[in-house]
file work-v1.pdb (PDB, C-alpha atoms)
MODEL        1
ATOM      1  CA  MET A   2       0.000   0.000   0.000  1.00  0.00           C
ATOM      2  CA  SER A   3       1.093   3.571  -0.576  1.00  0.00           C
ATOM      3  CA  LYS A   4       2.714   5.783   2.008  1.00  0.00           C
ATOM      4  CA  LEU A   5       1.220   8.865   3.564  1.00  0.00           C
ATOM      5  CA  THR A   6       0.762  12.012   1.488  1.00  0.00           C
ATOM      6  CA  LEU A   7       0.363  15.433   3.065  1.00  0.00           C
ATOM      7  CA  ARG A   8      -0.653  18.533   1.142  1.00  0.00           C
ATOM      8  CA  THR A   9      -1.886  21.983   2.016  1.00  0.00           C
ATOM      9  CA  GLU A  10      -4.930  23.769   0.615  1.00  0.00           C
ATOM     10  CA  GLY A  11      -5.512  27.488   0.829  1.00  0.00           C
ATOM     11  CA  ASP A  12      -3.875  28.907   3.935  1.00  0.00           C
ATOM     12  CA  ARG A  13      -5.787  27.005   6.650  1.00  0.00           C
ATOM     13  CA  TYR A  14      -6.025  23.375   5.534  1.00  0.00           C
ATOM     14  CA  VAL A  15      -3.859  20.271   5.700  1.00  0.00           C
ATOM     15  CA  VAL A  16      -5.017  17.119   3.903  1.00  0.00           C
ATOM     16  CA  VAL A  17      -3.435  13.760   4.741  1.00  0.00           C
ATOM     17  CA  THR A  18      -4.175  10.585   2.786  1.00  0.00           C
ATOM     18  CA  ARG A  19      -2.977   7.024   3.242  1.00  0.00           C
ATOM     19  CA  ARG A  20      -4.093   3.654   1.961  1.00  0.00           C
ATOM     20  CA  PHE A  21      -4.276   0.640   4.279  1.00  0.00           C
ATOM     21  CA  ALA A  22      -4.491  -3.049   3.395  1.00  0.00           C
ATOM     22  CA  ALA A  23      -7.444  -3.502   5.761  1.00  0.00           C
ATOM     23  CA  PRO A  24     -11.187  -2.888   5.482  1.00  0.00           C
ATOM     24  CA  PRO A  25     -12.693   0.471   6.548  1.00  0.00           C
ATOM     25  CA  GLU A  26     -14.259  -1.131   9.640  1.00  0.00           C
ATOM     26  CA  ALA A  27     -10.849  -2.154  10.983  1.00  0.00           C
ATOM     27  CA  VAL A  28      -9.135   1.182  10.254  1.00  0.00           C
ATOM     28  CA  TYR A  29     -12.070   3.121  11.768  1.00  0.00           C
ATOM     29  CA  ARG A  30     -11.996   0.962  14.935  1.00  0.00           C
ATOM     30  CA  ALA A  31      -8.242   1.563  15.260  1.00  0.00           C
ATOM     31  CA  HIS A  32      -9.011   5.303  15.472  1.00  0.00           C
ATOM     32  CA  ILE A  33     -11.635   5.071  18.232  1.00  0.00           C
ATOM     33  CA  GLU A  34     -10.782   2.075  20.459  1.00  0.00           C
ATOM     34  CA  PRO A  35      -8.315   3.236  23.144  1.00  0.00           C
ATOM     35  CA  GLN A  36      -6.509  -0.102  23.432  1.00  0.00           C
ATOM     36  CA  LEU A  37      -5.775   0.019  19.677  1.00  0.00           C
ATOM     37  CA  VAL A  38      -4.905   3.744  19.558  1.00  0.00           C
ATOM     38  CA  GLN A  39      -2.244   3.187  22.258  1.00  0.00           C
ATOM     39  CA  LYS A  40      -0.521   0.597  20.070  1.00  0.00           C
ATOM     40  CA  TRP A  41      -0.003   2.724  16.977  1.00  0.00           C
ATOM     41  CA  MET A  42      -0.466   6.490  17.544  1.00  0.00           C
ATOM     42  CA  LEU A  43       2.980   6.966  19.064  1.00  0.00           C
ATOM     43  CA  GLY A  44       4.900   9.127  16.609  1.00  0.00           C
ATOM     44  CA  PRO A  45       8.641   8.505  16.293  1.00  0.00           C
ATOM     45  CA  GLU A  46      10.316   5.446  17.815  1.00  0.00           C
ATOM     46  CA  GLY A  47      10.795   5.551  21.568  1.00  0.00           C
ATOM     47  CA  TRP A  48       7.534   7.330  22.408  1.00  0.00           C
ATOM     48  CA  THR A  49       4.665   5.775  24.378  1.00  0.00           C
ATOM     49  CA  MET A  50       1.089   6.795  25.163  1.00  0.00           C
ATOM     50  CA  PRO A  51       0.506   6.027  28.855  1.00  0.00           C
ATOM     51  CA  VAL A  52      -2.896   7.791  28.888  1.00  0.00           C
ATOM     52  CA  CYS A  53      -5.519   7.300  26.179  1.00  0.00           C
ATOM     53  CA  ILE A  54      -9.087   8.474  26.750  1.00  0.00           C
ATOM     54  CA  ASN A  55     -11.299   8.131  23.698  1.00  0.00           C
ATOM     55  CA  GLU A  56     -15.030   8.475  24.420  1.00  0.00           C
ATOM     56  CA  ALA A  57     -16.198   7.727  20.882  1.00  0.00           C
ATOM     57  CA  ARG A  58     -19.604   9.453  20.846  1.00  0.00           C
ATOM     58  CA  PRO A  59     -20.731  12.978  19.961  1.00  0.00           C
ATOM     59  CA  GLY A  60     -19.567  15.200  22.830  1.00  0.00           C
ATOM     60  CA  GLY A  61     -17.184  12.500  24.079  1.00  0.00           C
ATOM     61  CA  LYS A  62     -13.782  13.574  25.372  1.00  0.00           C
ATOM     62  CA  ILE A  63     -10.362  12.801  23.922  1.00  0.00           C
ATOM     63  CA  ARG A  64      -7.120  12.921  25.907  1.00  0.00           C
ATOM     64  CA  TYR A  65      -3.839  11.425  24.745  1.00  0.00           C
ATOM     65  CA  GLU A  66      -0.613  11.772  26.747  1.00  0.00           C
ATOM     66  CA  TRP A  67       2.724  10.933  25.147  1.00  0.00           C
ATOM     67  CA  SER A  68       6.074  10.345  26.830  1.00  0.00           C
ATOM     68  CA  ASN A  69       9.507  10.052  25.244  1.00  0.00           C
ATOM     69  CA  GLY A  70      10.808   7.937  28.150  1.00  0.00           C
ATOM     70  CA  LYS A  71      13.364  10.642  29.033  1.00  0.00           C
ATOM     71  CA  GLY A  72      11.162  12.972  31.072  1.00  0.00           C
ATOM     72  CA  GLY A  73       9.699  14.782  28.066  1.00  0.00           C
ATOM     73  CA  GLY A  74       6.226  14.674  26.665  1.00  0.00           C
ATOM     74  CA  PHE A  75       3.056  16.497  25.803  1.00  0.00           C
ATOM     75  CA  HIS A  76      -0.658  15.862  25.611  1.00  0.00           C
ATOM     76  CA  LEU A  77      -3.677  16.495  23.426  1.00  0.00           C
ATOM     77  CA  THR A  78      -7.285  17.150  24.407  1.00  0.00           C
ATOM     78  CA  GLY A  79     -10.391  17.288  22.283  1.00  0.00           C
ATOM     79  CA  GLU A  80     -13.994  16.320  21.697  1.00  0.00           C
ATOM     80  CA  PHE A  81     -15.816  14.153  19.196  1.00  0.00           C
ATOM     81  CA  LEU A  82     -18.405  16.061  17.164  1.00  0.00           C
ATOM     82  CA  GLU A  83     -19.740  13.410  14.755  1.00  0.00           C
ATOM     83  CA  LEU A  84     -19.186   9.692  14.219  1.00  0.00           C
ATOM     84  CA  GLU A  85     -20.532   7.693  11.282  1.00  0.00           C
ATOM     85  CA  PRO A  86     -19.469   4.124  12.059  1.00  0.00           C
ATOM     86  CA  TYR A  87     -16.835   2.791   9.699  1.00  0.00           C
ATOM     87  CA  SER A  88     -16.903   5.815   7.384  1.00  0.00           C
ATOM     88  CA  ARG A  89     -16.301   9.176   9.126  1.00  0.00           C
ATOM     89  CA  ILE A  90     -15.082  10.828  12.341  1.00  0.00           C
ATOM     90  CA  VAL A  91     -15.231  14.572  13.037  1.00  0.00           C
ATOM     91  CA  HIS A  92     -13.466  15.924  16.092  1.00  0.00           C
ATOM     92  CA  VAL A  93     -11.666  18.954  17.512  1.00  0.00           C
ATOM     93  CA  GLU A  94      -8.257  18.697  19.122  1.00  0.00           C
ATOM     94  CA  ARG A  95      -5.682  20.956  20.708  1.00  0.00           C
ATOM     95  CA  MET A  96      -2.085  20.143  21.609  1.00  0.00           C
ATOM     96  CA  HIS A  97      -0.676  21.187  24.996  1.00  0.00           C
ATOM     97  CA  MET A  98       3.052  21.890  24.662  1.00  0.00           C
ATOM     98  CA  PRO A  99       2.608  23.065  27.490  1.00  0.00           C
ATOM     99  CA  ASP A 100       0.152  25.811  26.487  1.00  0.00           C
ATOM    100  CA  PRO A 101      -2.839  24.748  24.377  1.00  0.00           C
ATOM    101  CA  THR A 102      -2.759  25.399  20.656  1.00  0.00           C
ATOM    102  CA  PRO A 103      -5.825  26.821  18.906  1.00  0.00           C
ATOM    103  CA  ASP A 104      -8.493  24.277  17.957  1.00  0.00           C
ATOM    104  CA  ASN A 105      -7.736  21.980  15.016  1.00  0.00           C
ATOM    105  CA  HIS A 106     -11.001  20.762  13.422  1.00  0.00           C
ATOM    106  CA  ILE A 107     -10.459  17.353  11.827  1.00  0.00           C
ATOM    107  CA  GLU A 108     -12.638  15.249   9.545  1.00  0.00           C
ATOM    108  CA  THR A 109     -11.347  11.734   8.844  1.00  0.00           C
ATOM    109  CA  ARG A 110     -12.977   9.590   6.171  1.00  0.00           C
ATOM    110  CA  PHE A 111     -12.518   5.851   5.677  1.00  0.00           C
ATOM    111  CA  ASP A 112     -13.450   4.826   2.118  1.00  0.00           C
ATOM    112  CA  ALA A 113     -13.331   1.312   0.703  1.00  0.00           C
ATOM    113  CA  ASP A 114     -10.537   1.100  -1.865  1.00  0.00           C
ATOM    114  CA  GLY A 115     -10.395  -2.301  -3.524  1.00  0.00           C
ATOM    115  CA  THR A 116      -9.589  -4.717  -0.699  1.00  0.00           C
ATOM    116  CA  GLY A 117      -8.322  -1.934   1.530  1.00  0.00           C
ATOM    117  CA  THR A 118      -9.138   1.544   2.802  1.00  0.00           C
ATOM    118  CA  LEU A 119      -8.309   5.039   1.638  1.00  0.00           C
ATOM    119  CA  MET A 120      -8.136   7.240   4.730  1.00  0.00           C
ATOM    120  CA  THR A 121      -8.446  10.993   4.126  1.00  0.00           C
ATOM    121  CA  MET A 122      -7.934  13.389   7.020  1.00  0.00           C
ATOM    122  CA  ARG A 123      -8.723  17.073   6.482  1.00  0.00           C
ATOM    123  CA  MET A 124      -7.509  19.470   9.182  1.00  0.00           C
ATOM    124  CA  THR A 125      -8.881  22.994   9.417  1.00  0.00           C
ATOM    125  CA  LEU A 126      -6.672  25.420  11.332  1.00  0.00           C
ATOM    126  CA  PRO A 127      -7.631  28.943  12.447  1.00  0.00           C
ATOM    127  CA  ASN A 128      -5.118  30.688  10.157  1.00  0.00           C
ATOM    128  CA  ALA A 129      -1.958  30.301   8.068  1.00  0.00           C
ATOM    129  CA  GLU A 130       0.374  31.070  10.988  1.00  0.00           C
ATOM    130  CA  VAL A 131      -1.040  28.260  13.138  1.00  0.00           C
ATOM    131  CA  ARG A 132      -0.883  25.851  10.205  1.00  0.00           C
ATOM    132  CA  GLU A 133       2.750  26.687   9.467  1.00  0.00           C
ATOM    133  CA  ALA A 134       3.710  26.360  13.134  1.00  0.00           C
ATOM    134  CA  MET A 135       2.021  22.945  13.276  1.00  0.00           C
ATOM    135  CA  LEU A 136       3.781  21.741  10.123  1.00  0.00           C
ATOM    136  CA  ALA A 137       7.123  22.991  11.495  1.00  0.00           C
ATOM    137  CA  THR A 138       6.870  20.582  14.451  1.00  0.00           C
ATOM    138  CA  GLY A 139       7.760  17.648  12.197  1.00  0.00           C
ATOM    139  CA  MET A 140       4.266  16.201  12.473  1.00  0.00           C
ATOM    140  CA  GLU A 141       4.537  14.516   9.060  1.00  0.00           C
ATOM    141  CA  ARG A 142       7.406  12.295  10.239  1.00  0.00           C
ATOM    142  CA  GLY A 143       5.498  11.338  13.381  1.00  0.00           C
ATOM    143  CA  MET A 144       2.357  10.602  11.370  1.00  0.00           C
ATOM    144  CA  GLU A 145       4.295   8.417   8.925  1.00  0.00           C
ATOM    145  CA  ALA A 146       5.749   6.374  11.792  1.00  0.00           C
ATOM    146  CA  SER A 147       2.360   6.050  13.488  1.00  0.00           C
ATOM    147  CA  TYR A 148       0.522   4.992  10.330  1.00  0.00           C
ATOM    148  CA  ALA A 149       3.262   2.481   9.461  1.00  0.00           C
ATOM    149  CA  ARG A 150       2.658   0.997  12.930  1.00  0.00           C
ATOM    150  CA  LEU A 151      -1.088   0.943  12.234  1.00  0.00           C
ATOM    151  CA  GLU A 152      -0.473  -0.901   8.941  1.00  0.00           C
ATOM    152  CA  GLN A 153       1.537  -3.539  10.847  1.00  0.00           C
ATOM    153  CA  LEU A 154      -1.209  -3.798  13.496  1.00  0.00           C
ATOM    154  CA  MET A 155      -3.874  -4.309  10.812  1.00  0.00           C
ATOM    155  CA  ALA A 156      -1.787  -7.098   9.242  1.00  0.00           C
ATOM    156  CA  ARG A 157      -1.867  -9.012  12.564  1.00  0.00           C
ATOM    157  CA  VAL A 158      -5.626  -8.669  13.103  1.00  0.00           C
TER     158      VAL A 158
ENDMDL
END
call {"tool": "encode", "arguments": {"input": "work-v1.pdb", "output": "structure tokens"}}
result
Amino acid sequence: MSKLTLRTEGDRYVVVTRRFAAPPEAVYRAHIEPQLVQKWMLGPEGWTMPVCINEARPGGKIRYEWSNGKGGGFHLTGEFLELEPYSRIVHVERMHMPDPTPDNHIETRFDADGTGTLMTMRMTLPNAEVREAMLATGMERGMEASYARLEQLMARV
């Protein structure tokens, strides 16, 4: 399957796509079930997610805490807005590094693609400055590592 692609649109949007060799149901579940999220959404090697709260329902809370094992880390908070089982998740998230970033509105779609899934994530940031600051964190590298881990997880299921 193809690797992650990341592109920008206008001055507020980031669009990430990736194909997975697993059905939409499995990829969707891996995004909402805490015990699965903790196995793959870790970013670069050496990071862990000791706290994963994922209340997958409209209004449900999200809290992920990452640790690099060397005393460093950060966390994310958010809320689910909409869930369409196996096809779409809409949520808001903010990173705390340590101060919270402005809200990032995210829509993630899971579309059947042959025997696999095409995942498309569209992030809407408040303005160009916030988007550029987010991209400058190296998020693409962390996303690539996380989604490669998810691909391996899906192969074992």
call {"tool": "residues_around", "arguments": {"input": "work-v1.pdb", "residues": "Val17 in chain A", "least_positions_apart": "3", "cutoff": "9 Å", "atoms": "only C-alpha atoms", "output": "mmCIF file with C-alpha atoms, in the frame of the given file"}}
result
data_model
loop_
_atom_site.group_PDB
_atom_site.id
_atom_site.type_symbol
_atom_site.label_atom_id
_atom_site.label_comp_id
_atom_site.auth_asym_id
_atom_site.auth_seq_id
_atom_site.Cartn_x
_atom_site.Cartn_y
_atom_site.Cartn_z
ATOM 1 C CA LEU A 5 1.220 8.865 3.564
ATOM 2 C CA THR A 6 0.762 12.012 1.488
ATOM 3 C CA LEU A 7 0.363 15.433 3.065
ATOM 4 C CA ARG A 8 -0.653 18.533 1.142
ATOM 5 C CA THR A 9 -1.886 21.983 2.016
ATOM 6 C CA MET A 120 -8.136 7.240 4.730
ATOM 7 C CA THR A 121 -8.446 10.993 4.126
ATOM 8 C CA MET A 122 -7.934 13.389 7.020
ATOM 9 C CA ARG A 123 -8.723 17.073 6.482
ATOM 10 C CA MET A 124 -7.509 19.470 9.182
#
call {"tool": "residues_around", "arguments": {"input": "work-v1.pdb", "residues": "Gly61 in chain A", "least_positions_apart": "3", "cutoff": "12 Å", "atoms": "all atoms listed in the file", "output": "PyMOL selection string"}}
result
chain A and resi 33+54-58+64+78-84+91-94
call {"tool": "resolve_selection", "arguments": {"input": "work-v1.pdb", "expression": "the PyMOL selection byres ((chain A and resi 112) around 9)", "output": "PyMOL selection string"}}
result
chain A and resi 24-25+87-89+110-111+113-114+117-121
call {"tool": "write_last_selection", "arguments": {"input": "work-v1.pdb", "atoms": "C-alpha atoms", "output": "PDB file, keeping the file's coordinate frame"}}
result
ATOM      1  CA  PRO A  24     -11.187  -2.888   5.482  1.00  0.00           C
ATOM      2  CA  PRO A  25     -12.693   0.471   6.548  1.00  0.00           C
ATOM      3  CA  TYR A  87     -16.835   2.791   9.699  1.00  0.00           C
ATOM      4  CA  SER A  88     -16.903   5.815   7.384  1.00  0.00           C
ATOM      5  CA  ARG A  89     -16.301   9.176   9.126  1.00  0.00           C
ATOM      6  CA  ARG A 110     -12.977   9.590   6.171  1.00  0.00           C
ATOM      7  CA  PHE A 111     -12.518   5.851   5.677  1.00  0.00           C
ATOM      8  CA  ALA A 113     -13.331   1.312   0.703  1.00  0.00           C
ATOM      9  CA  ASP A 114     -10.537   1.100  -1.865  1.00  0.00           C
ATOM     10  CA  GLY A 117      -8.322  -1.934   1.530  1.00  0.00           C
ATOM     11  CA  THR A 118      -9.138   1.544   2.802  1.00  0.00           C
ATOM     12  CA  LEU A 119      -8.309   5.039   1.638  1.00  0.00           C
ATOM     13  CA  MET A 120      -8.136   7.240   4.730  1.00  0.00           C
ATOM     14  CA  THR A 121      -8.446  10.993   4.126  1.00  0.00           C
TER      15      THR A 121
END
call {"tool": "closest_residue", "arguments": {"input": "work-v1.pdb", "among": "A:Lys40, A:Glu34, A:Ile107, A:Arg13", "to": "Ala149 in chain A", "atoms": "all atoms listed in the file"}}
result
A:Lys40
call {"tool": "residues_around", "arguments": {"input": "work-v1.pdb", "residues": "Lys71 in chain A", "least_positions_apart": "3", "cutoff": "10 Å", "atoms": "all atoms listed in the file", "output": "list in words"}}
result
Gly47, Trp48, Ser68 and Gly74 of chain A
call {"tool": "atom_distance", "arguments": {"input": "work-v1.pdb", "atom1": "CA of Tyr65 in chain A", "atom2": "CA of Leu154 in chain A"}}
result
19.1 Å
call {"tool": "residues_around", "arguments": {"input": "work-v1.pdb", "residues": "Asp100 in chain A", "least_positions_apart": "4", "cutoff": "10 Å", "atoms": "all atoms listed in the file", "output": "PyMOL selection string"}}
result
chain A and resi 75+95-96
call {"tool": "closest_residue", "arguments": {"input": "work-v1.pdb", "among": "A:Pro35, A:Thr116, A:Glu108, A:Met135", "to": "Ala22 in chain A", "atoms": "all atoms listed in the file"}}
result
A:Thr116
call {"tool": "atom_distance", "arguments": {"input": "work-v1.pdb", "atom1": "CA of Tyr14 in chain A", "atom2": "CA of Thr125 in chain A"}}
result
4.8 Å
call {"tool": "residues_around", "arguments": {"input": "work-v1.pdb", "residues": "Gly44 in chain A", "least_positions_apart": "5", "cutoff": "7 Å", "atoms": "all atoms listed in the file", "output": "list in words"}}
result
Gly143, Met144, Ala146 and Ser147 of chain A
call {"tool": "write_last_selection", "arguments": {"input": "work-v1.pdb", "atoms": "C-alpha atoms", "output": "compact mmCIF listing (two decimals), keeping the file's coordinate frame"}}
result
# COMPACT_ATOMS: atom_id res chain seq x y z
CA GLY A 143 5.50 11.34 13.38
CA MET A 144 2.36 10.60 11.37
CA ALA A 146 5.75 6.37 11.79
CA SER A 147 2.36 6.05 13.49
call {"tool": "residues_near_point", "arguments": {"input": "work-v1.pdb", "point": "(-0.1, 19.9, 23.5)", "cutoff": "6 Å", "atoms": "all atoms listed in the file", "output": "PyMOL selection string"}}
result
chain A and resi 75-77+96-99+101
call {"tool": "resolve_selection", "arguments": {"input": "work-v1.pdb", "expression": "the PyMOL selection byres ((chain A and resi 52) around 6)", "output": "compact mmCIF listing (two decimals) with C-alpha atoms, keeping the file's coordinate frame"}}
result
# COMPACT_ATOMS: atom_id res chain seq x y z
CA MET A 50 1.09 6.80 25.16
CA PRO A 51 0.51 6.03 28.86
CA CYS A 53 -5.52 7.30 26.18
CA TYR A 65 -3.84 11.42 24.74
CA GLU A 66 -0.61 11.77 26.75
call {"tool": "atom_distance", "arguments": {"input": "work-v1.pdb", "atom1": "CA of Gly73 in chain A", "atom2": "CA of Pro127 in chain A"}}
result
27.3 Å
call {"tool": "resolve_selection", "arguments": {"input": "work-v1.pdb", "expression": "the PyMOL selection byres ((chain A and resi 150) around 12)", "output": "VMD selection string"}}
result
chain A and resid 4 21 31 37 to 46 143 to 149 151 to 157
call {"tool": "closest_residue", "arguments": {"input": "work-v1.pdb", "among": "A:Ile90, A:Arg20, A:Asp12, A:Ala27", "to": "Glu130 in chain A", "atoms": "all atoms listed in the file"}}
result
A:Asp12
